[in-house]
Every structure is written in C-alpha cells, then in structure tokens.
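> I am sharing model_12.pdb, which consists of PDB, C-alpha atoms, pLDDT in the B column:
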ATOM      1  CA  ALA A  10      81.173 110.080  84.536  1.00 71.00           C
ATOM      2  CA  GLN A  11      84.076 112.087  83.226  1.00 82.00           C
ATOM      3  CA  SER A  12      86.620 109.743  81.735  1.00 89.00           C
ATOM      4  CA  VAL A  13      89.355 109.363  79.154  1.00 93.00           C
ATOM      5  CA  THR A  14      89.873 106.202  77.140  1.00 95.00           C
ATOM      6  CA  GLN A  15      93.026 105.254  75.330  1.00 95.00           C
ATOM      7  CA  LEU A  16      91.983 102.397  73.140  1.00 91.00           C
ATOM      8  CA  ASP A  17      95.380 100.755  72.704  1.00 94.00           C
ATOM      9  CA  SER A  18      97.580  99.750  75.617  1.00 93.00           C
ATOM     10  CA  GLN A  19     100.519  98.946  73.328  1.00 95.00           C
ATOM     11  CA  VAL A  20     101.348 100.036  69.801  1.00 97.00           C
ATOM     12  CA  PRO A  21     104.328  98.374  68.109  1.00 97.00           C
ATOM     13  CA  VAL A  22     105.564 100.078  64.953  1.00 97.00           C
ATOM     14  CA  PHE A  23     108.665 100.020  62.779  1.00 97.00           C
ATOM     15  CA  GLU A  24     110.990 102.974  62.584  1.00 97.00           C
ATOM     16  CA  GLU A  25     110.010 105.594  59.985  1.00 97.00           C
ATOM     17  CA  ALA A  26     106.449 104.274  59.801  1.00 97.00           C
ATOM     18  CA  PRO A  27     103.481 106.511  60.660  1.00 97.00           C
ATOM     19  CA  VAL A  28     101.648 106.055  63.930  1.00 97.00           C
ATOM     20  CA  GLU A  29      98.327 107.038  65.467  1.00 97.00           C
ATOM     21  CA  LEU A  30      97.550 106.778  69.174  1.00 98.00           C
ATOM     22  CA  ARG A  31      93.859 106.958  69.903  1.00 97.00           C
ATOM     23  CA  CYS A  32      92.109 108.897  72.648  1.00 97.00           C
ATOM     24  CA  ASN A  33      88.427 109.377  73.346  1.00 96.00           C
ATOM     25  CA  TYR A  34      86.827 111.394  76.113  1.00 94.00           C
ATOM     26  CA  SER A  35      83.344 111.433  77.564  1.00 90.00           C
ATOM     27  CA  SER A  36      81.174 114.145  76.124  1.00 74.00           C
ATOM     28  CA  SER A  37      81.118 117.511  77.806  1.00 68.00           C
ATOM     29  CA  VAL A  38      80.235 121.087  77.058  1.00 75.00           C
ATOM     30  CA  SER A  39      83.807 122.234  77.138  1.00 81.00           C
ATOM     31  CA  VAL A  40      87.091 120.407  77.343  1.00 88.00           C
ATOM     32  CA  TYR A  41      90.786 121.140  77.257  1.00 91.00           C
ATOM     33  CA  LEU A  42      92.828 118.311  75.786  1.00 93.00           C
ATOM     34  CA  PHE A  43      96.446 117.302  76.276  1.00 95.00           C
ATOM     35  CA  TRP A  44      98.982 114.687  75.273  1.00 96.00           C
ATOM     36  CA  TYR A  45     101.945 113.945  77.513  1.00 95.00           C
ATOM     37  CA  VAL A  46     104.950 111.669  77.023  1.00 95.00           C
ATOM     38  CA  GLN A  47     106.703 109.798  79.802  1.00 92.00           C
ATOM     39  CA  TYR A  48     110.114 108.227  79.305  1.00 90.00           C
ATOM     40  CA  PRO A  49     111.126 105.433  81.697  1.00 85.00           C
ATOM     41  CA  ASN A  50     111.528 106.604  85.280  1.00 78.00           C
ATOM     42  CA  GLN A  51     110.934 110.213  84.341  1.00 83.00           C
ATOM     43  CA  GLY A  52     108.183 112.761  84.760  1.00 85.00           C
ATOM     44  CA  LEU A  53     105.657 113.872  82.178  1.00 90.00           C
ATOM     45  CA  GLN A  54     106.507 116.170  79.325  1.00 92.00           C
ATOM     46  CA  LEU A  55     103.795 118.062  77.482  1.00 92.00           C
ATOM     47  CA  LEU A  56     103.653 117.194  73.774  1.00 95.00           C
ATOM     48  CA  LEU A  57     100.756 119.402  72.778  1.00 95.00           C
ATOM     49  CA  LYS A  58      97.432 120.793  73.940  1.00 93.00           C
ATOM     50  CA  TYR A  59      94.118 121.978  72.574  1.00 93.00           C
ATOM     51  CA  LEU A  60      92.431 124.877  74.332  1.00 89.00           C
ATOM     52  CA  SER A  61      90.437 126.509  71.543  1.00 87.00           C
ATOM     53  CA  GLY A  62      90.699 127.582  67.916  1.00 88.00           C
ATOM     54  CA  SER A  63      92.083 125.382  65.163  1.00 89.00           C
ATOM     55  CA  THR A  64      91.233 121.739  65.678  1.00 90.00           C
ATOM     56  CA  LEU A  65      94.610 120.594  64.336  1.00 95.00           C
ATOM     57  CA  VAL A  66      97.282 121.103  66.946  1.00 95.00           C
ATOM     58  CA  LYS A  67     101.000 120.764  66.311  1.00 96.00           C
ATOM     59  CA  GLY A  68     103.350 119.880  69.133  1.00 94.00           C
ATOM     60  CA  ILE A  69     106.963 119.076  69.799  1.00 93.00           C
ATOM     61  CA  ASN A  70     109.006 116.288  68.208  1.00 92.00           C
ATOM     62  CA  GLY A  71     106.857 116.254  65.055  1.00 95.00           C
ATOM     63  CA  PHE A  72     103.656 115.146  66.769  1.00 97.00           C
ATOM     64  CA  GLU A  73     100.221 116.534  65.984  1.00 97.00           C
ATOM     65  CA  ALA A  74      96.671 115.840  67.128  1.00 97.00           C
ATOM     66  CA  GLU A  75      93.211 116.643  65.881  1.00 95.00           C
ATOM     67  CA  PHE A  76      90.261 117.575  68.059  1.00 94.00           C
ATOM     68  CA  ASN A  77      87.075 116.007  66.745  1.00 93.00           C
ATOM     69  CA  LYS A  78      84.120 117.226  68.776  1.00 90.00           C
ATOM     70  CA  SER A  79      81.501 115.066  67.053  1.00 91.00           C
ATOM     71  CA  GLN A  80      83.494 111.906  67.758  1.00 92.00           C
ATOM     72  CA  THR A  81      84.806 113.154  71.123  1.00 93.00           C
ATOM     73  CA  SER A  82      88.310 112.168  70.055  1.00 95.00           C
ATOM     74  CA  PHE A  83      91.795 113.642  70.206  1.00 97.00           C
ATOM     75  CA  HIS A  84      94.052 111.197  68.381  1.00 97.00           C
ATOM     76  CA  LEU A  85      97.809 111.728  68.303  1.00 98.00           C
ATOM     77  CA  ARG A  86      99.738 111.215  65.077  1.00 97.00           C
ATOM     78  CA  LYS A  87     103.263 111.286  63.763  1.00 97.00           C
ATOM     79  CA  PRO A  88     104.069 110.678  60.087  1.00 97.00           C
ATOM     80  CA  SER A  89     107.436 109.008  60.715  1.00 97.00           C
ATOM     81  CA  VAL A  90     108.567 107.688  64.093  1.00 97.00           C
ATOM     82  CA  HIS A  91     112.082 107.296  65.474  1.00 96.00           C
ATOM     83  CA  ILE A  92     113.516 104.819  67.937  1.00 96.00           C
ATOM     84  CA  SER A  93     113.725 107.668  70.427  1.00 95.00           C
ATOM     85  CA  ASP A  94     109.920 108.008  70.374  1.00 96.00           C
ATOM     86  CA  THR A  95     109.635 104.767  72.350  1.00 96.00           C
ATOM     87  CA  ALA A  96     107.834 105.824  75.530  1.00 96.00           C
ATOM     88  CA  GLU A  97     104.500 105.896  77.338  1.00 94.00           C
ATOM     89  CA  TYR A  98     101.965 108.382  76.007  1.00 96.00           C
ATOM     90  CA  PHE A  99      99.101 109.763  78.045  1.00 95.00           C
ATOM     91  CA  CYS A 100      96.028 111.596  76.886  1.00 96.00           C
ATOM     92  CA  ALA A 101      94.508 113.940  79.479  1.00 94.00           C
ATOM     93  CA  VAL A 102      91.474 116.184  79.735  1.00 92.00           C
ATOM     94  CA  ILE A 103      90.326 119.085  81.861  1.00 89.00           C
ATOM     95  CA  TYR A 104      86.535 119.138  81.873  1.00 85.00           C
ATOM     96  CA  GLY A 105      84.685 122.422  82.185  1.00 76.00           C
ATOM     97  CA  SER A 106      86.547 125.515  83.301  1.00 61.00           C
ATOM     98  CA  SER A 107      90.321 125.404  83.366  1.00 52.00           C
ATOM     99  CA  ASN A 108      90.060 126.737  86.893  1.00 59.00           C
ATOM    100  CA  THR A 109      89.126 123.281  88.162  1.00 68.00           C
ATOM    101  CA  GLY A 110      92.727 122.248  87.700  1.00 74.00           C
ATOM    102  CA  LYS A 111      91.998 118.548  87.593  1.00 85.00           C
ATOM    103  CA  LEU A 112      93.646 116.666  84.756  1.00 91.00           C
ATOM    104  CA  ILE A 113      91.933 113.346  84.060  1.00 91.00           C
ATOM    105  CA  PHE A 114      94.308 110.891  82.438  1.00 93.00           C
ATOM    106  CA  GLY A 115      93.824 107.894  80.216  1.00 94.00           C
ATOM    107  CA  GLN A 116      95.481 104.595  81.027  1.00 92.00           C
ATOM    108  CA  GLY A 117      98.386 105.271  78.716  1.00 93.00           C
ATOM    109  CA  THR A 118      99.672 103.768  75.477  1.00 96.00           C
ATOM    110  CA  THR A 119     103.120 102.250  75.197  1.00 95.00           C
ATOM    111  CA  LEU A 120     104.664 103.090  71.854  1.00 97.00           C
ATOM    112  CA  GLN A 121     107.344 100.555  70.899  1.00 96.00           C
ATOM    113  CA  VAL A 122     109.390 101.600  67.892  1.00 97.00           C
ATOM    114  CA  LYS A 123     111.330  98.758  66.330  1.00 96.00           C
ATOM    115  CA  PRO A 124     114.382  99.112  64.070  1.00 94.00           C
TER     116      PRO A 124
ATOM    117  CA  ASN B   9     114.755 128.952  85.647  1.00 53.00           C
ATOM    118  CA  ALA B  10     114.483 125.665  87.491  1.00 71.00           C
ATOM    119  CA  GLY B  11     111.505 123.468  86.813  1.00 89.00           C
ATOM    120  CA  VAL B  12     109.308 121.741  89.350  1.00 93.00           C
ATOM    121  CA  MET B  13     111.460 120.041  91.941  1.00 94.00           C
ATOM    122  CA  GLN B  14     110.492 116.983  93.914  1.00 96.00           C
ATOM    123  CA  ASN B  15     112.396 115.244  96.650  1.00 96.00           C
ATOM    124  CA  PRO B  16     113.277 112.691  97.440  1.00 96.00           C
ATOM    125  CA  ARG B  17     113.265 111.008  94.050  1.00 95.00           C
ATOM    126  CA  HIS B  18     113.096 107.607  95.658  1.00 96.00           C
ATOM    127  CA  LEU B  19     111.742 106.795  99.096  1.00 98.00           C
ATOM    128  CA  VAL B  20     111.614 103.440 100.833  1.00 98.00           C
ATOM    129  CA  ARG B  21     109.452 102.957 103.899  1.00 98.00           C
ATOM    130  CA  ARG B  22     108.364  99.994 105.967  1.00 97.00           C
ATOM    131  CA  ARG B  23     104.709  99.376 106.638  1.00 97.00           C
ATOM    132  CA  GLY B  24     103.426 101.645 109.379  1.00 97.00           C
ATOM    133  CA  GLN B  25     106.002 104.402 108.869  1.00 98.00           C
ATOM    134  CA  GLU B  26     105.285 107.897 107.613  1.00 98.00           C
ATOM    135  CA  ALA B  27     106.220 109.204 104.174  1.00 98.00           C
ATOM    136  CA  ARG B  28     106.759 112.893 103.431  1.00 98.00           C
ATOM    137  CA  LEU B  29     107.024 113.962  99.819  1.00 98.00           C
ATOM    138  CA  ARG B  30     108.095 117.489  98.920  1.00 98.00           C
ATOM    139  CA  CYS B  31     107.328 119.594  95.891  1.00 97.00           C
ATOM    140  CA  SER B  32     108.819 122.978  95.068  1.00 97.00           C
ATOM    141  CA  PRO B  33     106.837 124.652  92.265  1.00 95.00           C
ATOM    142  CA  MET B  34     108.357 126.584  89.428  1.00 92.00           C
ATOM    143  CA  LYS B  35     109.332 130.138  90.250  1.00 90.00           C
ATOM    144  CA  GLY B  36     106.286 132.379  90.165  1.00 88.00           C
ATOM    145  CA  HIS B  37     103.812 129.507  90.314  1.00 90.00           C
ATOM    146  CA  SER B  38     101.299 129.555  93.132  1.00 89.00           C
ATOM    147  CA  HIS B  39      99.197 126.486  92.318  1.00 92.00           C
ATOM    148  CA  VAL B  40     100.255 122.914  93.063  1.00 94.00           C
ATOM    149  CA  TYR B  41      98.659 119.619  92.065  1.00 95.00           C
ATOM    150  CA  TRP B  42      99.484 116.115  93.253  1.00 97.00           C
ATOM    151  CA  TYR B  43      98.892 112.990  91.165  1.00 96.00           C
ATOM    152  CA  ARG B  44      99.526 109.326  91.905  1.00 96.00           C
ATOM    153  CA  GLN B  45     100.581 106.738  89.350  1.00 92.00           C
ATOM    154  CA  LEU B  46     100.045 103.155  90.455  1.00 89.00           C
ATOM    155  CA  PRO B  47     101.925 100.416  88.596  1.00 82.00           C
ATOM    156  CA  GLU B  48     100.576  99.826  85.091  1.00 76.00           C
ATOM    157  CA  GLU B  49      98.057 102.641  85.458  1.00 78.00           C
ATOM    158  CA  GLY B  50      97.652 106.228  84.392  1.00 80.00           C
ATOM    159  CA  LEU B  51      97.943 109.177  86.705  1.00 91.00           C
ATOM    160  CA  LYS B  52      95.115 109.887  89.118  1.00 94.00           C
ATOM    161  CA  PHE B  53      94.445 113.338  90.497  1.00 94.00           C
ATOM    162  CA  MET B  54      94.756 113.630  94.263  1.00 96.00           C
ATOM    163  CA  VAL B  55      94.655 117.250  95.365  1.00 95.00           C
ATOM    164  CA  TYR B  56      94.904 120.833  94.138  1.00 93.00           C
ATOM    165  CA  LEU B  57      96.322 123.519  96.404  1.00 93.00           C
ATOM    166  CA  GLN B  58      97.055 127.197  96.366  1.00 91.00           C
ATOM    167  CA  LYS B  59      99.170 128.910  98.956  1.00 89.00           C
ATOM    168  CA  GLU B  60      97.671 128.050 102.366  1.00 89.00           C
ATOM    169  CA  ASN B  61      94.461 126.720 100.777  1.00 92.00           C
ATOM    170  CA  ILE B  62      93.191 123.351  99.635  1.00 93.00           C
ATOM    171  CA  ILE B  63      91.056 123.970  96.555  1.00 90.00           C
ATOM    172  CA  ASP B  64      90.074 120.433  95.565  1.00 91.00           C
ATOM    173  CA  GLU B  65      90.893 117.271  97.487  1.00 93.00           C
ATOM    174  CA  SER B  66      88.369 115.036  95.791  1.00 91.00           C
ATOM    175  CA  GLY B  67      91.047 112.507  94.817  1.00 92.00           C
ATOM    176  CA  MET B  68      92.625 112.117  98.233  1.00 95.00           C
ATOM    177  CA  PRO B  69      92.026 108.903 100.162  1.00 94.00           C
ATOM    178  CA  LYS B  70      89.886 109.646 103.192  1.00 90.00           C
ATOM    179  CA  GLU B  71      92.406 108.412 105.724  1.00 95.00           C
ATOM    180  CA  ARG B  72      96.173 108.657 106.252  1.00 97.00           C
ATOM    181  CA  PHE B  73      96.791 111.148 103.426  1.00 97.00           C
ATOM    182  CA  SER B  74      97.144 114.901 103.838  1.00 97.00           C
ATOM    183  CA  ALA B  75      98.609 117.745 101.856  1.00 97.00           C
ATOM    184  CA  GLU B  76      99.645 121.292 102.551  1.00 96.00           C
ATOM    185  CA  PHE B  77     101.164 124.216 100.705  1.00 95.00           C
ATOM    186  CA  PRO B  78     102.347 126.752 103.286  1.00 93.00           C
ATOM    187  CA  LYS B  79     102.998 130.409 102.671  1.00 90.00           C
ATOM    188  CA  GLU B  80     106.717 129.701 102.726  1.00 90.00           C
ATOM    189  CA  GLY B  81     108.388 126.514 101.609  1.00 92.00           C
ATOM    190  CA  PRO B  82     107.451 123.533  99.500  1.00 96.00           C
ATOM    191  CA  SER B  83     104.182 121.670  99.265  1.00 97.00           C
ATOM    192  CA  ILE B  84     104.143 118.500 101.341  1.00 98.00           C
ATOM    193  CA  LEU B  85     102.201 115.308 100.683  1.00 98.00           C
ATOM    194  CA  ARG B  86     102.123 113.278 103.861  1.00 98.00           C
ATOM    195  CA  ILE B  87     101.169 109.630 104.104  1.00 98.00           C
ATOM    196  CA  GLN B  88     100.809 108.232 107.589  1.00 98.00           C
ATOM    197  CA  GLN B  89     101.086 104.539 108.457  1.00 98.00           C
ATOM    198  CA  VAL B  90     101.990 103.514 104.938  1.00 97.00           C
ATOM    199  CA  VAL B  91     100.788 100.216 103.500  1.00 97.00           C
ATOM    200  CA  ARG B  92     102.061  98.228 100.527  1.00 95.00           C
ATOM    201  CA  GLY B  93      99.248  99.585  98.360  1.00 94.00           C
ATOM    202  CA  ASP B  94     100.722 103.080  98.716  1.00 96.00           C
ATOM    203  CA  SER B  95     103.712 102.032  96.603  1.00 96.00           C
ATOM    204  CA  ALA B  96     103.490 104.259  93.546  1.00 96.00           C
ATOM    205  CA  ALA B  97     105.018 107.208  91.765  1.00 94.00           C
ATOM    206  CA  TYR B  98     103.764 110.521  93.098  1.00 97.00           C
ATOM    207  CA  PHE B  99     103.950 113.463  90.751  1.00 96.00           C
ATOM    208  CA  CYS B 100     103.592 117.100  91.521  1.00 96.00           C
ATOM    209  CA  ALA B 101     102.670 119.768  88.984  1.00 94.00           C
ATOM    210  CA  SER B 102     102.545 123.531  89.294  1.00 93.00           C
ATOM    211  CA  SER B 103     100.856 126.293  87.346  1.00 90.00           C
ATOM    212  CA  PRO B 104     100.969 130.088  87.374  1.00 86.00           C
ATOM    213  CA  PRO B 105      98.432 132.274  89.162  1.00 83.00           C
ATOM    214  CA  GLY B 106      95.324 133.462  87.350  1.00 74.00           C
ATOM    215  CA  GLY B 107      93.549 130.191  86.715  1.00 61.00           C
ATOM    216  CA  GLY B 108      96.156 128.661  84.442  1.00 69.00           C
ATOM    217  CA  ALA B 109      95.409 125.044  85.230  1.00 72.00           C
ATOM    218  CA  HIS B 110      96.041 124.188  81.607  1.00 76.00           C
ATOM    219  CA  GLU B 111      99.626 125.335  82.124  1.00 81.00           C
ATOM    220  CA  GLN B 112     100.643 122.537  84.482  1.00 88.00           C
ATOM    221  CA  PHE B 113     104.307 121.624  84.503  1.00 90.00           C
ATOM    222  CA  PHE B 114     105.255 118.307  86.054  1.00 92.00           C
ATOM    223  CA  GLY B 115     108.100 117.395  88.320  1.00 93.00           C
ATOM    224  CA  PRO B 116     110.173 114.201  87.952  1.00 92.00           C
ATOM    225  CA  GLY B 117     108.177 112.366  90.599  1.00 94.00           C
ATOM    226  CA  THR B 118     108.893 110.564  93.842  1.00 96.00           C
ATOM    227  CA  ARG B 119     108.836 106.796  93.676  1.00 95.00           C
ATOM    228  CA  LEU B 120     107.625 105.397  96.976  1.00 97.00           C
ATOM    229  CA  THR B 121     108.284 101.772  97.803  1.00 97.00           C
ATOM    230  CA  VAL B 122     106.664 100.289 100.881  1.00 97.00           C
ATOM    231  CA  LEU B 123     108.297  97.122 102.157  1.00 95.00           C
TER     232      LEU B 123
END
Would you mind giving the structure from this file in structure tokens?

Amino acid sequence: AQSVTQLDSQVPVFEEAPVELRCNYSSSVSVYLFWYVQYPNQGLQLLLKYLSGSTLVKGINGFEAEFNKSQTSFHLRKPSVHISDTAEYFCAVIYGSSNTGKLIFGQGTTLQVKP
Amino acid sequence: NAGVMQNPRHLVRRRGQEARLRCSPMKGHSHVYWYRQLPEEGLKFMVYLQKENIIDESGMPKERFSAEFPKEGPSILRIQQVVRGDSAAYFCASSPPGGGAHEQFFGPGTRLTVL
C-alpha cells in the first residue's frame, strides 16, 4: 500500500541546535516528495519539494531535504533552529504521475524548539 | 493575488444538521482538492475535482459526503446529517491547469465542530 511514515511524532530541540525530521515512503517507480509546515490553527505552507533532478533540495526558512531513493527517505534538516520554527511538519508524497493529484501525508512531527 | 479562500473558518453544527464548506481556488486555478485532518492525525485526501467534473473521489466516505466544483462559483464540500466523528479541519487546495498537481496551494481550512 502507498504510505508515508514520519518516524518521530515529537522532536524537542534547543534553539540554535541542528534538527532532522525523518520521513520514509513506500517504494514506487516514481514519486514526488514534499514537506509542509503548519502553524497552530493555520493552513499548510510548502517548505520544499522534490520533483526531479538534484537530490538535495533547498526550501524556505533555511530548511533542506535530501531524496534518497535506495532508502526511500526524504529527511528534512535545518542546521540551526529558531523558536519561530516551532510547528507541525508534514511529509507528503504523490505516487506515480503528478496528474493523480493525490497527496498522501505522514502523521506529522511536532517540532518543539526550546530557548 | 489572493490565495485559496475558505469559508467559513469555523463552523459549529449539531448532530443531524448539514454542513457546507466553501473553497475559492487561486485565480487561474481550475483544479481543487479537499483534505480532512482529524485531531492528532495527518491530512487525508478526500476528493479531486476539476470544473464540473469529479476526477478522483477515492477518499470520500460512501455516505453523507458530496463535493462539487461548478462552472461558476466556489467548490462546495457538503456533509449531510453530521455526526460527532465529522469534527475535523477540512482543507482545500488548488492547482493550475495542465496537470500541475504538484503545485497545490492550501487554504487556511474550515474547522468543523459537531456538538
């Protein structure tokens, strides 16, 4: 079955420390990969996406992610977090052709940045 | 250029009533997607529509739920005879024509509470 797994439900980290949020997807011939951020009581904002090309993708707010096909992973990283990065982060995948339209989301990871 | 608009932002209904959620896509976008976020869970795909057509409704519950995207006006997600389990945040996303499902922009969501 097509699925997305975010391995950590909560990640506490101190301000200015590095962070990695993990995401694995079920194997498929072709995938499009996304990370979204959701602040409390708000909608989703796209952080970054991988469609093709370079496996290292840079997004907004200093975040980046690396597509690893052999490990079916798309982990999100930031070298130094800020208090304002505290939010819910969702990994999402479109399997197969982008024309299907269906984003499949992971369960989400709550990033808690402590002063 | 306004983003995806959803209204109402908050909706309270009693069990057995009907809920109507509206989504106005971004200007120039002709594809609309609805997702549901239950408490403590990630987003789940419900339905994908183009103008006057339902493309994929594989995530829609079989009963009480319907969606439309008329030629003129917003997309409507309709829930008849609501039950407490329908309480959730409902998000709409839109994308441009030409198969750009990987270009989904999300609205702020409608938070439905069923008493």
> Please enumerate the residues selected by the PyMOL selection byres ((chain A) within 10 of (chain B)) when evaluated against the supplied file, formatted as a PyMOL selection string.
chain A and resi 18+41-43+47+50-55+58-60+97-103+106-118
> Given the file above and the PyMOL selection byres ((chain A and resi 17) around 10), which residues are selected, and can you give them as a PyMOL selection string?
chain A and resi 14-16+18-20+30-32+116-120
> Let me know the residues the PyMOL selection byres ((chain A and resi 123) around 6) catches in the file above, as an MDAnalysis selection string.
chainID A and resid 23:24 122 124
> So how far away is CA of Val38 (chain A) from CA of Arg86 (chain A), in Å?
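One can read the CA of Arg86 (chain A) to CA of Val38 (chain A) distance as 24.9 Å.
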> Could you give me the centre and size, in Å to one decimal, of an axis-aligned box around all listed atoms of region 69-77 of chain A with 4 Å added on every side, as AutoDock Vina command-line options?

--center_x 98.0 --center_y 117.1 --center_z 67.4 --size_x 29.9 --size_y 11.9 --size_z 12.7
> Which residues are near Ser36 (chain A)? Cut-off 9 Å, only C-alpha atoms, ignore same chain within fewer than 6 positions. Put them as a PDB file with C-alpha atoms, in the coordinates of the input.

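Saved the output as result_22.pdb:
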ATOM      1  CA  GLN A  11      84.076 112.087  83.226  1.00 82.00           C
ATOM      2  CA  SER A  12      86.620 109.743  81.735  1.00 89.00           C
ATOM      3  CA  LYS A  78      84.120 117.226  68.776  1.00 90.00           C
ATOM      4  CA  GLN A  80      83.494 111.906  67.758  1.00 92.00           C
ATOM      5  CA  THR A  81      84.806 113.154  71.123  1.00 93.00           C
TER       6      THR A  81
END
